[in-house]
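Colleague: What follows is query_1.txt, compact mmCIF, C-alpha atoms.
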# COMPACT_ATOMS: atom_id res chain seq x y z
CA MET A 21 48.90 -2.82 -38.63
CA VAL A 22 45.62 -2.11 -36.85
CA GLU A 23 45.83 -2.11 -33.10
CA ILE A 24 42.89 -3.36 -31.08
CA ILE A 25 42.16 -1.23 -28.08
CA PRO A 26 40.39 -3.18 -25.36
CA LYS A 27 37.27 -1.53 -24.02
CA LYS A 28 37.15 -0.69 -20.37
CA LYS A 29 34.66 -2.77 -18.46
CA ARG A 30 31.84 -0.71 -17.05
CA GLU A 31 31.57 -1.02 -13.33
CA ARG A 32 28.11 -1.99 -12.30
CA GLU A 33 26.61 0.31 -9.72
CA GLU A 34 25.59 -1.51 -6.58
CA PRO A 35 22.11 -0.65 -5.32
CA SER A 36 22.32 1.61 -2.34
CA TYR A 37 21.76 0.36 1.20
CA LEU A 38 18.69 2.61 1.48
CA ASN A 39 17.14 1.12 -1.67
CA ASN A 40 17.57 -2.37 -0.24
CA ILE A 41 15.92 -1.36 3.03
CA LEU A 42 13.01 0.36 1.26
CA PHE A 43 12.54 -2.66 -0.98
CA PHE A 44 12.31 -5.03 1.97
CA VAL A 45 10.00 -2.68 3.90
CA PHE A 46 7.60 -2.44 0.96
CA LEU A 47 7.87 -6.18 0.34
CA SER A 48 7.07 -6.98 3.97
CA ILE A 49 4.05 -4.62 3.94
CA PHE A 50 2.82 -6.31 0.78
CA ILE A 51 3.31 -9.81 2.22
CA ILE A 52 1.53 -8.89 5.47
CA SER A 53 -1.39 -7.39 3.53
CA LEU A 54 -1.64 -10.42 1.29
CA SER A 55 -1.48 -12.88 4.19
CA LEU A 56 -4.22 -11.02 6.11
CA PHE A 57 -6.39 -11.05 3.03
CA LEU A 58 -5.88 -14.79 2.58
CA ILE A 59 -6.58 -15.49 6.26
CA PHE A 60 -9.88 -13.63 6.03
CA LYS A 61 -10.76 -15.48 2.82
CA VAL A 62 -10.08 -18.88 4.44
CA GLN A 63 -12.13 -17.99 7.51
CA THR A 64 -15.01 -16.85 5.34
CA GLY A 65 -14.99 -20.14 3.44
CA ARG A 66 -14.81 -22.17 6.64
CA TYR A 67 -17.71 -20.31 8.26
CA GLN A 68 -19.76 -20.62 5.10
CA LYS A 69 -19.19 -24.38 5.01
CA GLU A 70 -20.10 -24.75 8.68
CA THR A 71 -23.27 -22.75 8.07
CA GLU A 72 -24.24 -25.06 5.22
CA ASP A 73 -23.57 -28.14 7.38
CA LEU A 74 -25.68 -26.77 10.20
CA SER A 75 -28.49 -25.94 7.79
CA ALA A 76 -28.50 -29.55 6.56
CA GLN A 77 -28.59 -30.85 10.14
CA LEU A 78 -31.46 -28.51 10.96
CA GLN A 79 -33.53 -29.91 8.14
CA LEU A 80 -33.08 -33.40 9.59
CA GLN A 81 -33.92 -32.52 13.19
CA LYS A 82 -36.59 -29.82 12.94
CA GLY A 83 -38.73 -29.35 16.03
CA SER A 84 -36.50 -30.84 18.76
CA LYS A 85 -34.36 -29.27 21.50
CA GLU A 86 -31.35 -30.04 19.39
CA PHE A 87 -33.00 -28.09 16.61
CA ARG A 88 -33.21 -24.96 18.76
CA GLN A 89 -29.60 -25.32 19.90
CA LEU A 90 -28.39 -25.84 16.36
CA GLU A 91 -30.47 -22.89 15.22
CA LYS A 92 -28.75 -20.66 17.79
CA LYS A 93 -25.37 -21.98 16.71
CA MET A 94 -26.24 -21.37 13.08
CA LEU A 95 -27.32 -17.81 13.79
CA THR A 96 -24.03 -17.21 15.62
CA TYR A 97 -22.06 -18.46 12.62
CA ARG A 98 -24.22 -16.39 10.29
CA ASP A 99 -23.39 -13.26 12.31
CA LYS A 100 -19.68 -14.11 12.24
CA PHE A 101 -19.90 -14.63 8.50
CA LYS A 102 -21.58 -11.24 8.05
CA ASN A 103 -18.89 -9.55 10.17
CA ILE A 104 -16.06 -11.11 8.18
CA SER A 105 -17.82 -10.19 4.95
CA LYS A 106 -18.03 -6.57 6.12
CA ILE A 107 -14.32 -6.60 6.96
CA LEU A 108 -13.44 -8.00 3.55
CA ALA A 109 -15.67 -5.45 1.83
CA LEU A 110 -13.88 -2.60 3.62
CA TYR A 111 -10.43 -4.09 3.20
CA TYR A 112 -7.95 -1.53 1.98
CA GLN A 113 -4.56 -2.41 0.65
CA PRO A 114 -1.94 -0.11 2.16
CA SER A 115 0.26 -0.79 -0.82
CA LYS A 116 -2.01 1.48 -2.91
CA ILE A 117 -0.06 4.54 -1.80
CA PHE A 118 3.30 2.90 -2.45
CA ASN A 119 2.35 1.32 -5.73
CA GLU A 120 0.12 3.90 -7.39
CA LEU A 121 1.44 7.13 -5.92
CA LEU A 122 5.13 6.54 -5.35
CA ASN A 123 6.43 3.73 -7.56
CA LYS A 124 4.50 4.63 -10.71
CA THR A 125 5.06 8.39 -10.47
CA ILE A 126 8.64 8.70 -9.28
CA HIS A 127 11.05 10.52 -11.57
CA PRO A 128 13.90 8.20 -12.66
CA LYS A 129 16.57 10.57 -11.32
CA ILE A 130 14.91 11.16 -7.92
CA VAL A 131 15.90 9.09 -4.87
CA LEU A 132 13.46 9.08 -1.96
CA LYS A 133 15.03 9.08 1.49
CA SER A 134 12.06 9.12 3.86
CA PHE A 135 8.32 8.83 3.73
CA VAL A 136 5.87 9.82 6.49
CA PHE A 137 2.13 9.29 6.15
CA THR A 138 0.01 11.46 8.47
CA GLU A 139 -3.22 13.39 8.60
CA THR A 140 -3.73 17.13 8.82
CA ASP A 141 -5.76 18.69 11.63
CA ASN A 142 -8.92 18.52 9.50
CA GLY A 143 -8.36 14.81 8.66
CA GLU A 144 -6.88 15.09 5.17
CA PRO A 145 -4.25 12.46 4.30
CA LYS A 146 -0.78 13.98 4.00
CA ILE A 147 2.53 12.49 2.88
CA GLU A 148 5.87 14.05 3.84
CA ILE A 149 8.61 12.98 1.41
CA SER A 150 12.28 13.84 1.50
CA GLY A 151 14.95 12.74 -0.91
CA TYR A 152 17.67 13.70 -3.33
CA ALA A 153 17.57 15.14 -6.83
CA PRO A 154 20.57 15.59 -9.13
CA ASP A 155 19.38 19.01 -10.32
CA LYS A 156 16.60 21.60 -10.09
CA GLU A 157 14.99 20.46 -13.34
CA SER A 158 14.45 16.89 -12.11
CA LEU A 159 12.98 18.18 -8.86
CA ALA A 160 10.65 20.57 -10.71
CA GLN A 161 9.53 17.73 -13.00
CA GLN A 162 8.82 15.52 -9.98
CA ILE A 163 6.68 18.23 -8.39
CA LYS A 164 4.75 18.66 -11.65
CA ILE A 165 4.21 14.89 -11.84
CA TYR A 166 2.69 14.87 -8.35
CA GLU A 167 0.55 17.93 -9.14
CA SER A 168 -0.85 16.22 -12.25
CA ILE A 169 -2.27 13.28 -10.26
CA PRO A 170 -6.05 13.77 -9.80
CA GLU A 171 -6.05 12.43 -6.21
CA VAL A 172 -3.43 14.99 -5.11
CA GLN A 173 -5.00 18.22 -3.88
CA ARG A 174 -1.74 20.14 -3.61
CA VAL A 175 2.01 19.77 -3.25
CA ASP A 176 3.95 22.01 -0.85
CA PHE A 177 7.65 22.46 -1.46
CA LYS A 178 9.26 22.71 2.00
CA GLY A 179 12.76 23.49 0.82
CA ALA A 180 16.00 22.20 -0.68
CA LYS A 181 19.69 22.52 0.00
CA VAL A 182 22.77 21.52 -1.95
CA GLU A 183 24.74 18.60 -0.49
CA LYS A 184 28.51 18.09 -0.78
CA GLU A 185 28.04 15.71 -3.73
CA GLY A 186 26.10 18.36 -5.63
CA ASN A 187 22.70 16.74 -5.12
CA LEU A 188 19.71 18.70 -3.92
CA LYS A 189 18.24 17.42 -0.66
CA PHE A 190 14.53 18.30 -0.73
CA THR A 191 11.36 17.94 1.31
CA LEU A 192 7.80 17.87 -0.09
CA SER A 193 4.35 17.64 1.47
CA ILE A 194 1.69 15.95 -0.65
CA PHE A 195 -1.92 16.49 0.37
CA LEU A 196 -4.31 13.79 -0.88
CA SER A 197 -8.07 13.93 -1.24
CA SER A 198 -9.80 11.94 1.48
CA GLU A 199 -11.60 9.86 -1.20
CA TYR A 200 -8.24 8.43 -2.29
CA LEU A 201 -8.04 6.20 0.78
CA THR A 202 -11.73 5.29 0.86
CA PRO A 203 -12.05 1.56 0.09
CA GLN A 204 -13.66 0.66 -3.20
CA GLN A 205 -17.01 -1.13 -2.80
Show how you would write the structure in this file as structure tokens.

Modeller:
Amino acid sequence: MVEIIPKKKREREEPSYLNNILFFVFLSIFIISLSLFLIFKVQTGRYQKETEDLSAQLQLQKGSKEFRQLEKKMLTYRDKFKNISKILALYYQPSKIFNELLNKTIHPKIVLKSFVFTETDNGEPKIEISGYAPDKESLAQQIKIYESIPEVQRVDFKGAKVEKEGNLKFTLSIFLSSEYLTPQQ
């Protein structure tokens, strides 16, 4: 008689505490960026509507004292509108680094532990990354991935050491071209 051997249930790995924290940090940065963008959009629309209303009133009351006062008010709103438009034109999403550089280019076996964004003495953007790799090959592949990105000028390997679990704890410095952070117009 054939015996049926029950299969062992695979235990699902729980996401690490660090992954949860990083997820919520990136999510909060994204939400803050999105809300600021929407606030600026709403203000732009409101100022534009007020400018149109004032222009209509000016057409009705041309030549009076009220006309001159409304004209001043309209010019003030026009200046505010221009300033907000300039801010929106130069708006840069900080999530570009996280989304394009880190999330899309991370090796599946690499776990990032910390991320520090700074500038060098000559003003070049620099990212200090530390994390864990299961082996030297994965770490070497990750370095090659970063080096293949056109916006990355160079990658400096700061060092690695073997942890108790057998993972390599590493530190990298990624130097970006200054054009990478320039807002698109």

Colleague: Would you please work out which residue, of A:Lys146, A:Arg66, A:Lys102, A:Lys156, is nearest to Ser198 in chain A when using only C-alpha atoms?

Modeller: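 Checking each candidate against Ser198 in chain A, we get A:Lys146 as the closest.
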
Colleague: What is the CA of Tyr67 in chain A-CA of Ile52 in chain A distance in Å, reported with one decimal?

Modeller: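 Pair CA of Tyr67 in chain A / CA of Ile52 in chain A returns 22.5 Å.
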
Colleague: Which distance in Å separates CA of Ser197 in chain A and CA of Pro145 in chain A, to one decimal?

Modeller: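 Between CA of Ser197 in chain A and CA of Pro145 in chain A the gap is 6.9 Å.
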
Colleague: Point out the residue among A:Ala76, A:Asn187, A:Phe57, A:Ser193 with the least atom-to-atom distance to Phe137 in chain A, counting only C-alpha atoms.

Modeller: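 Looking at the shortest contact to Phe137 in chain A, the residue is A:Ser193.
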
Colleague: Work out how far apart CA of Gly143 in chain A and CA of Thr191 in chain A are and give it in Å to one decimal.

Modeller: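 CA of Thr191 in chain A lies 21.3 Å from CA of Gly143 in chain A.
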
Colleague: Would you please work out which residue, of A:Val45, A:Val131, A:Leu192, A:Met94, is nearest to Gly151 in chain A when using all atoms listed in the file?

Modeller: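 Counting all atoms listed in the file, the residue closest to Gly151 in chain A is A:Val131.
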
Colleague: Near Ile169 in chain A, counting all atoms listed in the file, which residues have an atom at most 9 Å away, once you skip same-chain residues fewer than 4 positions from it, shown as a ChimeraX atom specification?

Modeller: /A:121,125,164-165,173

Colleague: For Lys184 in chain A, which residue out of A:Pro154, A:Leu196, A:Ile147, A:Glu139 is the nearest one, using only C-alpha atoms?

Modeller: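 Distance minimum relative to Lys184 in chain A lands on A:Pro154.
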
Colleague: Which residues come within 7 Å of Leu132 in chain A, counting all atoms listed in the file, excluding same-chain residues fewer than 2 positions away, as a list in words?

Modeller: Ile130, Ser134, Ser150, Gly151 and Tyr152 of chain A

Colleague: Name all residues at most 10 Å from Ser75 in chain A (count all atoms listed in the file; drop same-chain ones fewer than 6 positions away) and give them as number ranges by chain.

Modeller: A: 69, 90-91, 94
